[in-house]
$ cat structure.cif   # mmCIF, C-alpha atoms and all ligand atoms
data_my_file
loop_
_atom_site.label_atom_id
_atom_site.label_comp_id
_atom_site.auth_asym_id
_atom_site.auth_seq_id
_atom_site.Cartn_x
_atom_site.Cartn_y
_atom_site.Cartn_z
CA MET A 7 -57.76 -25.16 -94.02
CA GLY A 8 -57.61 -21.68 -95.43
CA ALA A 9 -57.28 -19.88 -92.12
CA GLY A 10 -54.35 -17.64 -91.36
CA ARG A 11 -53.00 -14.83 -89.24
CA ASN A 12 -56.21 -12.82 -89.56
CA ILE A 13 -58.18 -15.58 -87.90
CA PRO A 14 -57.58 -15.18 -84.17
CA LYS A 15 -59.41 -18.19 -82.83
CA ILE A 16 -60.45 -21.70 -83.71
CA VAL A 17 -63.35 -21.50 -86.14
CA PRO A 18 -65.88 -24.12 -87.29
CA TRP A 19 -65.17 -25.15 -90.88
CA GLY A 20 -65.75 -28.62 -92.27
CA ARG A 21 -64.51 -31.07 -94.82
CA SER A 22 -66.07 -34.04 -96.61
CA LEU A 23 -65.60 -37.81 -96.38
CA ASP A 24 -63.68 -37.72 -99.67
CA GLU A 25 -61.19 -35.31 -98.09
CA TYR A 26 -60.95 -37.34 -94.86
CA GLU A 27 -60.32 -40.51 -96.88
CA ARG A 28 -57.34 -38.90 -98.59
CA MET A 29 -56.00 -36.85 -95.64
CA PHE A 30 -55.88 -40.01 -93.50
CA ALA A 31 -55.20 -42.62 -96.22
CA LEU A 32 -58.29 -44.53 -95.04
CA SER A 33 -58.31 -48.12 -96.31
CA ASP A 34 -60.85 -50.96 -96.53
CA VAL A 35 -59.41 -52.28 -93.25
CA ASP A 36 -60.14 -48.90 -91.63
CA ARG A 37 -63.79 -49.26 -92.70
CA GLN A 38 -64.20 -52.03 -90.11
CA LYS A 39 -62.85 -49.87 -87.27
CA PHE A 40 -64.73 -47.92 -84.62
CA ILE A 41 -63.49 -44.38 -85.21
CA LEU A 42 -63.41 -41.29 -82.99
CA GLY A 43 -63.25 -37.99 -84.89
CA CYS A 44 -61.65 -35.41 -82.62
CA GLY A 45 -62.55 -31.79 -83.39
CA ASP A 46 -64.74 -32.79 -86.36
CA GLY A 47 -66.78 -29.59 -86.09
CA PRO A 48 -69.10 -29.18 -89.10
CA ALA A 49 -67.32 -31.77 -91.27
CA SER A 50 -69.63 -34.18 -93.10
CA PHE A 51 -67.23 -37.07 -92.42
CA ASN A 52 -69.38 -38.51 -89.61
CA ALA A 53 -72.68 -38.30 -91.57
CA GLU A 54 -71.18 -39.76 -94.75
CA TRP A 55 -69.17 -42.48 -92.96
CA ARG A 56 -72.26 -43.69 -91.07
CA ALA A 57 -74.40 -43.51 -94.24
CA ALA A 58 -71.84 -45.86 -95.83
CA GLY A 59 -72.19 -48.30 -92.90
CA GLY A 60 -69.20 -47.14 -90.84
CA ARG A 61 -69.06 -46.70 -87.07
CA VAL A 62 -67.95 -43.29 -85.82
CA VAL A 63 -68.41 -40.83 -82.97
CA SER A 64 -67.34 -37.21 -83.36
CA ILE A 65 -66.51 -34.89 -80.49
CA ASP A 66 -66.27 -31.12 -80.64
CA PRO A 67 -67.01 -28.32 -78.15
CA VAL A 68 -69.19 -26.67 -80.80
CA TYR A 69 -71.72 -29.54 -80.53
CA ARG A 70 -73.10 -27.96 -77.36
CA TYR A 71 -74.85 -25.46 -79.66
CA SER A 72 -77.91 -25.95 -81.86
CA ALA A 73 -77.60 -26.55 -85.61
CA ASN A 74 -78.89 -22.99 -86.20
CA ALA A 75 -76.28 -21.47 -83.90
CA ILE A 76 -73.51 -23.51 -85.55
CA ALA A 77 -74.79 -22.39 -88.99
CA SER A 78 -74.40 -18.75 -87.89
CA ARG A 79 -70.86 -19.38 -86.71
CA ILE A 80 -70.07 -21.06 -90.03
CA ASP A 81 -71.31 -17.96 -91.88
CA GLU A 82 -68.94 -15.78 -89.86
CA ALA A 83 -66.07 -18.22 -90.42
CA ARG A 84 -66.77 -18.33 -94.18
CA ASP A 85 -66.31 -14.55 -94.52
CA LEU A 86 -63.04 -14.64 -92.57
CA ILE A 87 -61.68 -17.62 -94.48
CA VAL A 88 -62.57 -16.19 -97.91
CA ALA A 89 -60.95 -12.84 -97.07
CA ASN A 90 -57.85 -14.52 -95.72
CA THR A 91 -57.52 -16.99 -98.59
CA LEU A 92 -57.79 -14.17 -101.14
CA THR A 93 -54.75 -12.51 -99.62
CA ASN A 94 -52.77 -15.78 -99.51
CA MET A 95 -53.72 -17.52 -102.76
CA ASP A 96 -50.12 -18.67 -103.38
CA ALA A 97 -50.10 -20.65 -100.14
CA TYR A 98 -52.54 -23.20 -101.60
CA VAL A 99 -52.67 -25.79 -104.37
CA TRP A 100 -55.52 -24.89 -106.72
CA GLU A 101 -55.36 -27.87 -109.11
CA GLU A 102 -58.29 -29.60 -107.44
CA MET A 103 -60.26 -26.68 -105.96
CA GLN A 104 -59.63 -24.44 -108.98
CA SER A 105 -61.07 -21.26 -107.46
CA ILE A 106 -62.15 -19.75 -104.18
CA GLU A 107 -65.79 -19.93 -105.34
CA ARG A 108 -65.46 -23.68 -105.95
CA LEU A 109 -63.71 -24.15 -102.60
CA VAL A 110 -66.57 -22.41 -100.79
CA GLU A 111 -69.10 -24.47 -102.77
CA ILE A 112 -67.41 -27.78 -101.84
CA ARG A 113 -67.01 -26.88 -98.17
CA THR A 114 -70.56 -25.45 -97.93
CA LYS A 115 -71.96 -28.69 -99.38
CA ALA A 116 -70.07 -30.69 -96.74
CA MET A 117 -71.16 -28.39 -93.89
CA ASN A 118 -74.81 -28.46 -95.04
CA ALA A 119 -74.67 -32.27 -94.97
CA PHE A 120 -73.35 -32.04 -91.38
CA LEU A 121 -76.07 -29.56 -90.36
CA ALA A 122 -78.80 -31.80 -91.84
CA ASP A 123 -77.45 -34.83 -89.93
CA PHE A 124 -76.48 -33.17 -86.65
CA GLY A 125 -80.02 -32.95 -85.19
CA SER A 126 -80.79 -36.62 -85.86
CA GLY A 127 -77.30 -38.05 -85.32
CA GLY A 128 -77.95 -38.80 -81.62
CA ASN A 129 -74.91 -40.04 -79.76
CA SER A 130 -72.80 -40.03 -82.93
CA TYR A 131 -72.00 -36.44 -81.93
CA ALA A 132 -70.76 -35.59 -78.43
CA ALA A 133 -70.14 -32.11 -77.01
CA ALA A 134 -66.73 -32.74 -75.49
CA GLN A 135 -63.21 -31.46 -75.89
CA LEU A 136 -59.63 -32.39 -75.37
CA PRO A 137 -57.96 -32.98 -73.03
CA ASP A 138 -60.88 -34.77 -71.29
CA LEU A 139 -62.69 -37.34 -73.40
CA PRO A 140 -65.80 -38.95 -71.88
CA PHE A 141 -64.81 -42.43 -73.09
CA SER A 142 -63.33 -45.62 -71.63
CA ASP A 143 -59.81 -46.83 -72.25
CA ALA A 144 -59.44 -48.45 -75.70
CA GLN A 145 -63.11 -47.81 -76.54
CA PHE A 146 -62.16 -46.99 -80.15
CA ASN A 147 -59.78 -48.50 -82.70
CA LEU A 148 -58.72 -45.28 -84.40
CA VAL A 149 -58.79 -41.52 -83.73
CA LEU A 150 -58.71 -39.01 -86.60
CA CYS A 151 -57.81 -35.40 -85.96
CA SER A 152 -58.08 -33.00 -88.89
CA HIS A 153 -57.04 -29.34 -88.83
CA PHE A 154 -56.91 -28.90 -85.08
CA LEU A 155 -53.61 -30.22 -83.64
CA PHE A 156 -50.57 -28.62 -85.33
CA THR A 157 -52.87 -26.29 -87.35
CA TYR A 158 -53.34 -24.10 -84.27
CA SER A 159 -49.67 -24.23 -83.32
CA GLU A 160 -49.70 -20.66 -82.03
CA LEU A 161 -52.58 -21.31 -79.65
CA ILE A 162 -51.66 -24.80 -78.43
CA SER A 163 -48.28 -25.42 -76.78
CA THR A 164 -46.07 -28.49 -77.25
CA GLN A 165 -47.08 -29.66 -73.76
CA MET A 166 -50.77 -29.34 -74.63
CA HIS A 167 -50.21 -31.25 -77.88
CA LEU A 168 -48.63 -34.03 -75.82
CA THR A 169 -51.46 -33.99 -73.26
CA PHE A 170 -54.07 -34.12 -76.04
CA LEU A 171 -52.29 -36.95 -77.87
CA ARG A 172 -51.84 -39.04 -74.69
CA GLU A 173 -55.57 -38.67 -74.05
CA VAL A 174 -56.58 -39.83 -77.54
CA LEU A 175 -54.11 -42.72 -77.23
CA ARG A 176 -55.88 -43.71 -74.01
CA VAL A 177 -59.17 -44.22 -75.86
CA ALA A 178 -57.71 -45.82 -79.04
CA GLY A 179 -54.60 -47.72 -80.07
CA GLU A 180 -53.92 -45.38 -82.99
CA VAL A 181 -54.27 -41.71 -83.87
CA ARG A 182 -53.72 -39.99 -87.22
CA VAL A 183 -53.26 -36.23 -87.35
CA PHE A 184 -53.46 -34.11 -90.52
CA PRO A 185 -51.88 -31.76 -91.47
CA ILE A 186 -48.55 -31.29 -89.69
CA LEU A 187 -48.29 -27.69 -90.89
CA ASP A 188 -49.49 -24.66 -88.98
CA MET A 189 -52.27 -22.46 -90.35
CA ASP A 190 -49.80 -20.25 -92.20
CA GLY A 191 -48.49 -23.27 -94.10
CA GLY A 192 -45.18 -23.51 -92.24
CA PRO A 193 -43.92 -26.63 -90.48
CA SER A 194 -45.40 -26.84 -86.99
CA PRO A 195 -42.69 -26.35 -84.35
CA HIS A 196 -44.42 -28.96 -82.19
CA VAL A 197 -43.96 -31.93 -84.53
CA GLU A 198 -40.35 -32.72 -83.66
CA PRO A 199 -40.66 -32.47 -79.85
CA VAL A 200 -43.93 -34.43 -79.96
CA TYR A 201 -42.26 -37.08 -82.13
CA ASP A 202 -39.30 -37.37 -79.75
CA SER A 203 -41.38 -37.43 -76.55
CA LEU A 204 -43.90 -40.02 -77.77
CA THR A 205 -41.10 -42.20 -79.16
CA SER A 206 -39.33 -42.13 -75.78
CA GLU A 207 -42.65 -43.04 -74.10
CA GLY A 208 -42.75 -46.22 -76.22
CA PHE A 209 -45.24 -45.25 -78.95
CA GLU A 210 -44.62 -46.11 -82.61
CA ILE A 211 -44.71 -42.88 -84.55
CA SER A 212 -44.32 -42.05 -88.22
CA VAL A 213 -44.84 -39.22 -90.69
CA GLU A 214 -46.50 -40.53 -93.87
CA ARG A 215 -47.21 -39.04 -97.29
CA VAL A 216 -50.94 -38.98 -98.19
CA PRO A 217 -52.77 -38.32 -101.49
CA TYR A 218 -54.17 -34.93 -100.43
CA GLU A 219 -52.66 -31.45 -100.63
CA TYR A 220 -54.45 -28.12 -100.29
CA GLN A 221 -51.99 -26.13 -98.18
CA LYS A 222 -48.78 -26.21 -100.24
CA GLY A 223 -46.55 -28.92 -98.82
CA GLY A 224 -49.40 -30.15 -96.59
CA ASN A 225 -49.46 -33.75 -97.78
CA GLU A 226 -48.25 -35.61 -94.71
CA MET A 227 -50.03 -37.07 -91.69
CA LEU A 228 -48.62 -38.06 -88.33
CA ARG A 229 -49.51 -41.59 -87.23
CA VAL A 230 -49.01 -42.70 -83.60
CA ARG A 231 -49.65 -46.26 -82.42
CA SER A 232 -49.50 -47.93 -79.03
CA ARG A 233 -47.21 -50.93 -79.03
CA ARG A 234 -49.10 -54.07 -78.13
CA PRO A 235 -48.10 -55.39 -74.67
C1 LIG B 1 -60.90 -25.90 -88.29
S1 LIG B 1 -62.05 -26.91 -87.49
C2 LIG B 1 -61.75 -28.49 -88.27
C3 LIG B 1 -63.00 -29.29 -88.45
C4 LIG B 1 -62.82 -30.67 -89.10
N1 LIG B 1 -61.93 -31.50 -88.34
C5 LIG B 1 -62.32 -30.57 -90.52
O1 LIG B 1 -61.12 -30.74 -90.76
O2 LIG B 1 -63.13 -30.32 -91.41
C6 LIG B 1 -61.32 -27.13 -85.87
C7 LIG B 1 -62.30 -27.70 -84.86
O3 LIG B 1 -61.61 -27.93 -83.61
C8 LIG B 1 -62.57 -27.78 -82.59
N2 LIG B 1 -61.92 -27.65 -81.27
C9 LIG B 1 -61.54 -26.52 -80.63
N3 LIG B 1 -61.00 -26.81 -79.43
C10 LIG B 1 -61.07 -28.18 -79.28
C11 LIG B 1 -60.68 -29.09 -78.24
N4 LIG B 1 -60.11 -28.67 -77.11
N5 LIG B 1 -60.92 -30.42 -78.44
C12 LIG B 1 -61.48 -30.85 -79.59
N6 LIG B 1 -61.85 -30.02 -80.62
C13 LIG B 1 -61.66 -28.71 -80.45
C14 LIG B 1 -63.33 -26.54 -83.03
O4 LIG B 1 -64.57 -26.40 -82.37
C15 LIG B 1 -63.44 -26.77 -84.54
O5 LIG B 1 -64.67 -27.38 -84.89
#
$ encode --input "structure.cif" --output "structure tokens" --more "lines below"
Ligand SMILES: C[S@@+](CC[C@H](N)C(=O)[O-])C[C@H]1O[C@@H](n2cnc3c(N)ncnc32)[C@H](O)[C@@H]1O
Amino acid sequence: MGAGRNIPKIVPWGRSLDEYERMFALSDVDRQKFILGCGDGPASFNAEWRAAGGRVVSIDPVYRYSANAIASRIDEARDLIVANTLTNMDAYVWEEMQSIERLVEIRTKAMNAFLADFGSGGNSYAAAQLPDLPFSDAQFNLVLCSHFLFTYSELISTQMHLTFLREVLRVAGEVRVFPILDMDGGPSPHVEPVYDSLTSEGFEISVERVPYEYQKGGNEMLRVRSRRP
């Protein structure tokens, strides 16, 4: 995501539908699903997915604020992320983004699309946060979680990762998490214990290669599925 050690807390920063499609290997079958985006922040995924006829609800604690207030927080995040990325250029793959200016342009376009949609998106956006989702059991088919779990490995313990994942698996039969690296681009120490615990609890869990890589080596998602009774 371009954050790093100089970024002390979780900041709003958003990606596009094109990036979500590749991070989560979204297929034509997935287009029929009712999706929950967990921690979608200012990503344009929700706006673009709905515009294309898809069904999605996004939750994020930042949705309790107005679009103007979120825009101010994005401006602060942008400065931090640019400064941090400039000191860690080698940690990223630049083939697609090409330059920091282009990266900021692509992300800003996505976040502006979110800001334009947020005010009129109604109940497609809910101010809520893990570990307590205001939804019924199995209300969704699929949960997507981008750049929140595993990314913030220093701030979120293994136990909290497990609590968060059990909660999303209560509201949907499947969750996909991307990436499985921490924000410094190293392997998250939580992946293995989470994998082992959820496997022993009876979930089907796999690590799968996806056609997206911005953090070097960040081209895998974690997929967890409930086994049908
Ligand atoms: C780096 S942003 C990622 C945004 C988006 N998913 C993307 O990849 O473009 C991380 C998001 O996690 C949200 N967040 C923080 N704590 C959360 C929690 N407990 N439950 C859900 N989301 C949370 C933040 O508000 C922020 O918008």
$ closest_residue --input "structure.cif" --among "A:Met189, A:Cys151, A:His196, A:Arg215" --to "Tyr98 of chain A" --atoms "only C-alpha atoms"
A:Met189
$ closest_residue --input "structure.cif" --among "A:Asp36, A:Leu204, A:Gly191, A:Val197" --to "Asn94 of chain A" --atoms "only C-alpha atoms"
A:Gly191
$ axis_aligned_box --input "structure.cif" --around "ligand LIG 1 (chain B)" --padding-each-side "6 Å" --output "lines of an AutoDock Vina configuration file"
center_x = -62.4
center_y = -28.7
center_z = -84.3
size_x = 16.6
size_y = 17.6
size_z = 26.3
$ atom_distance --input "structure.cif" --atom1 "atom CA of Ser212 of chain A" --atom2 "atom CA of Trp100 of chain A"
27.6 Å
$ closest_residue --input "structure.cif" --among "A:Phe170, A:Asn52, A:Glu210, A:Gly223" --to "Pro193 of chain A" --atoms "all atoms listed in the file"
A:Gly223
$ residues_near_ligand --input "structure.cif" --ligand "ligand LIG 1 (chain B)" --cutoff "7 Å" --atoms "only C-alpha atoms and all ligand atoms" --output "JSON, numbers by chain"
{"A": [7, 16, 17, 18, 19, 20, 21, 44, 45, 46, 47, 48, 49, 65, 66, 67, 68, 134, 135, 136, 137, 151, 152, 153, 154]}
$ atom_distance --input "structure.cif" --atom1 "atom CA of Glu25 of chain A" --atom2 "atom CA of Phe124 of chain A"
19.2 Å
$ residues_around --input "structure.cif" --residues "Gly128 of chain A" --least-positions-apart "4" --cutoff "12 Å" --atoms "all atoms listed in the file" --output "VMD selection string"
chain A and resid 52 to 53 62 to 64 69 123 to 124 132 to 133
$ closest_residue --input "structure.cif" --among "A:Leu175, A:Tyr220, A:Gln104, A:Val110" --to "Ala89 of chain A" --atoms "all atoms listed in the file"
A:Val110
$ atom_distance --input "structure.cif" --atom1 "atom CA of Glu219 of chain A" --atom2 "atom CA of Phe120 of chain A"
22.7 Å
$ closest_residue --input "structure.cif" --among "A:Ala58, A:Phe184, A:Pro195, A:Arg172" --to "Glu160 of chain A" --atoms "all atoms listed in the file"
A:Pro195
$ closest_residue --input "structure.cif" --among "A:Asn118, A:Asn90, A:Ser105, A:Asn147" --to "Arg182 of chain A" --atoms "all atoms listed in the file"
A:Asn147
$ decode --input "structure.cif" --residues "segment 52-65 of chain A" --atoms "all heavy atoms" --output "short mmCIF file (atom, residue, chain, number, x, y, z; two decimals), in the first residue's frame"
data_model
loop_
_atom_site.label_atom_id
_atom_site.label_comp_id
_atom_site.auth_asym_id
_atom_site.auth_seq_id
_atom_site.Cartn_x
_atom_site.Cartn_y
_atom_site.Cartn_z
N ASN A 52 -16.32 -0.08 -4.36
CA ASN A 52 -17.77 -0.12 -4.14
C ASN A 52 -18.50 0.65 -5.25
O ASN A 52 -19.42 0.12 -5.89
CB ASN A 52 -18.07 0.45 -2.75
CG ASN A 52 -19.54 0.36 -2.37
OD1 ASN A 52 -20.41 0.69 -3.15
ND2 ASN A 52 -19.82 -0.09 -1.15
N ALA A 53 -18.08 1.91 -5.49
CA ALA A 53 -18.75 2.75 -6.50
C ALA A 53 -18.69 2.10 -7.88
O ALA A 53 -19.70 2.04 -8.60
CB ALA A 53 -18.08 4.13 -6.53
N GLU A 54 -17.52 1.61 -8.24
CA GLU A 54 -17.35 1.05 -9.59
C GLU A 54 -18.07 -0.29 -9.74
O GLU A 54 -18.61 -0.61 -10.80
CB GLU A 54 -15.87 0.86 -9.89
CG GLU A 54 -15.09 2.15 -10.02
CD GLU A 54 -13.67 1.89 -10.49
OE1 GLU A 54 -13.46 1.73 -11.70
OE2 GLU A 54 -12.76 1.81 -9.62
N TRP A 55 -18.05 -1.10 -8.67
CA TRP A 55 -18.70 -2.43 -8.72
C TRP A 55 -20.22 -2.26 -8.87
O TRP A 55 -20.86 -2.93 -9.67
CB TRP A 55 -18.36 -3.20 -7.43
CG TRP A 55 -18.72 -4.65 -7.42
CD1 TRP A 55 -19.77 -5.23 -6.77
CD2 TRP A 55 -18.02 -5.74 -8.04
NE1 TRP A 55 -19.76 -6.60 -6.95
CE2 TRP A 55 -18.70 -6.94 -7.73
CE3 TRP A 55 -16.88 -5.81 -8.86
CZ2 TRP A 55 -18.28 -8.19 -8.19
CZ3 TRP A 55 -16.46 -7.05 -9.31
CH2 TRP A 55 -17.15 -8.22 -8.98
N ARG A 56 -20.79 -1.32 -8.10
CA ARG A 56 -22.23 -1.05 -8.21
C ARG A 56 -22.58 -0.47 -9.57
O ARG A 56 -23.58 -0.82 -10.18
CB ARG A 56 -22.70 -0.13 -7.09
CG ARG A 56 -22.82 -0.87 -5.77
CD ARG A 56 -23.24 0.00 -4.58
NE ARG A 56 -23.78 1.28 -4.87
CZ ARG A 56 -23.12 2.44 -4.75
NH1 ARG A 56 -21.87 2.46 -4.32
NH2 ARG A 56 -23.70 3.58 -5.02
N ALA A 57 -21.71 0.45 -10.07
CA ALA A 57 -21.98 1.06 -11.39
C ALA A 57 -22.01 -0.02 -12.48
O ALA A 57 -22.71 0.12 -13.48
CB ALA A 57 -20.91 2.11 -11.70
N ALA A 58 -21.26 -1.11 -12.25
CA ALA A 58 -21.22 -2.20 -13.23
C ALA A 58 -22.31 -3.24 -12.95
O ALA A 58 -22.33 -4.30 -13.57
CB ALA A 58 -19.84 -2.86 -13.20
N GLY A 59 -23.21 -2.93 -11.99
CA GLY A 59 -24.35 -3.83 -11.73
C GLY A 59 -24.14 -4.79 -10.57
O GLY A 59 -25.00 -5.63 -10.31
N GLY A 60 -23.00 -4.69 -9.88
CA GLY A 60 -22.71 -5.61 -8.78
C GLY A 60 -23.38 -5.19 -7.48
O GLY A 60 -23.81 -4.05 -7.33
N ARG A 61 -23.46 -6.15 -6.56
CA ARG A 61 -24.05 -5.87 -5.24
C ARG A 61 -22.95 -5.90 -4.20
O ARG A 61 -22.23 -6.90 -4.05
CB ARG A 61 -25.10 -6.94 -4.89
CG ARG A 61 -26.35 -6.86 -5.75
CD ARG A 61 -27.39 -7.86 -5.30
NE ARG A 61 -26.86 -9.22 -5.31
CZ ARG A 61 -27.19 -10.17 -4.45
NH1 ARG A 61 -28.05 -9.92 -3.47
NH2 ARG A 61 -26.68 -11.38 -4.54
N VAL A 62 -22.81 -4.80 -3.47
CA VAL A 62 -21.72 -4.70 -2.48
C VAL A 62 -22.10 -3.72 -1.37
O VAL A 62 -22.77 -2.72 -1.61
CB VAL A 62 -20.39 -4.26 -3.15
CG1 VAL A 62 -20.51 -2.91 -3.84
CG2 VAL A 62 -19.22 -4.23 -2.15
N VAL A 63 -21.65 -4.05 -0.16
CA VAL A 63 -21.70 -3.11 0.97
C VAL A 63 -20.26 -3.00 1.47
O VAL A 63 -19.56 -4.01 1.55
CB VAL A 63 -22.61 -3.64 2.11
CG1 VAL A 63 -22.48 -2.77 3.35
CG2 VAL A 63 -24.06 -3.70 1.65
N SER A 64 -19.83 -1.78 1.77
CA SER A 64 -18.51 -1.58 2.35
C SER A 64 -18.67 -1.12 3.78
O SER A 64 -19.54 -0.29 4.07
CB SER A 64 -17.73 -0.51 1.59
OG SER A 64 -17.48 -0.93 0.26
N ILE A 65 -17.82 -1.62 4.67
CA ILE A 65 -17.80 -1.07 6.03
C ILE A 65 -16.42 -0.50 6.30
O ILE A 65 -15.41 -0.98 5.79
CB ILE A 65 -18.14 -2.12 7.12
CG1 ILE A 65 -17.08 -3.21 7.21
CG2 ILE A 65 -19.52 -2.67 6.96
CD1 ILE A 65 -16.20 -3.14 8.42
#
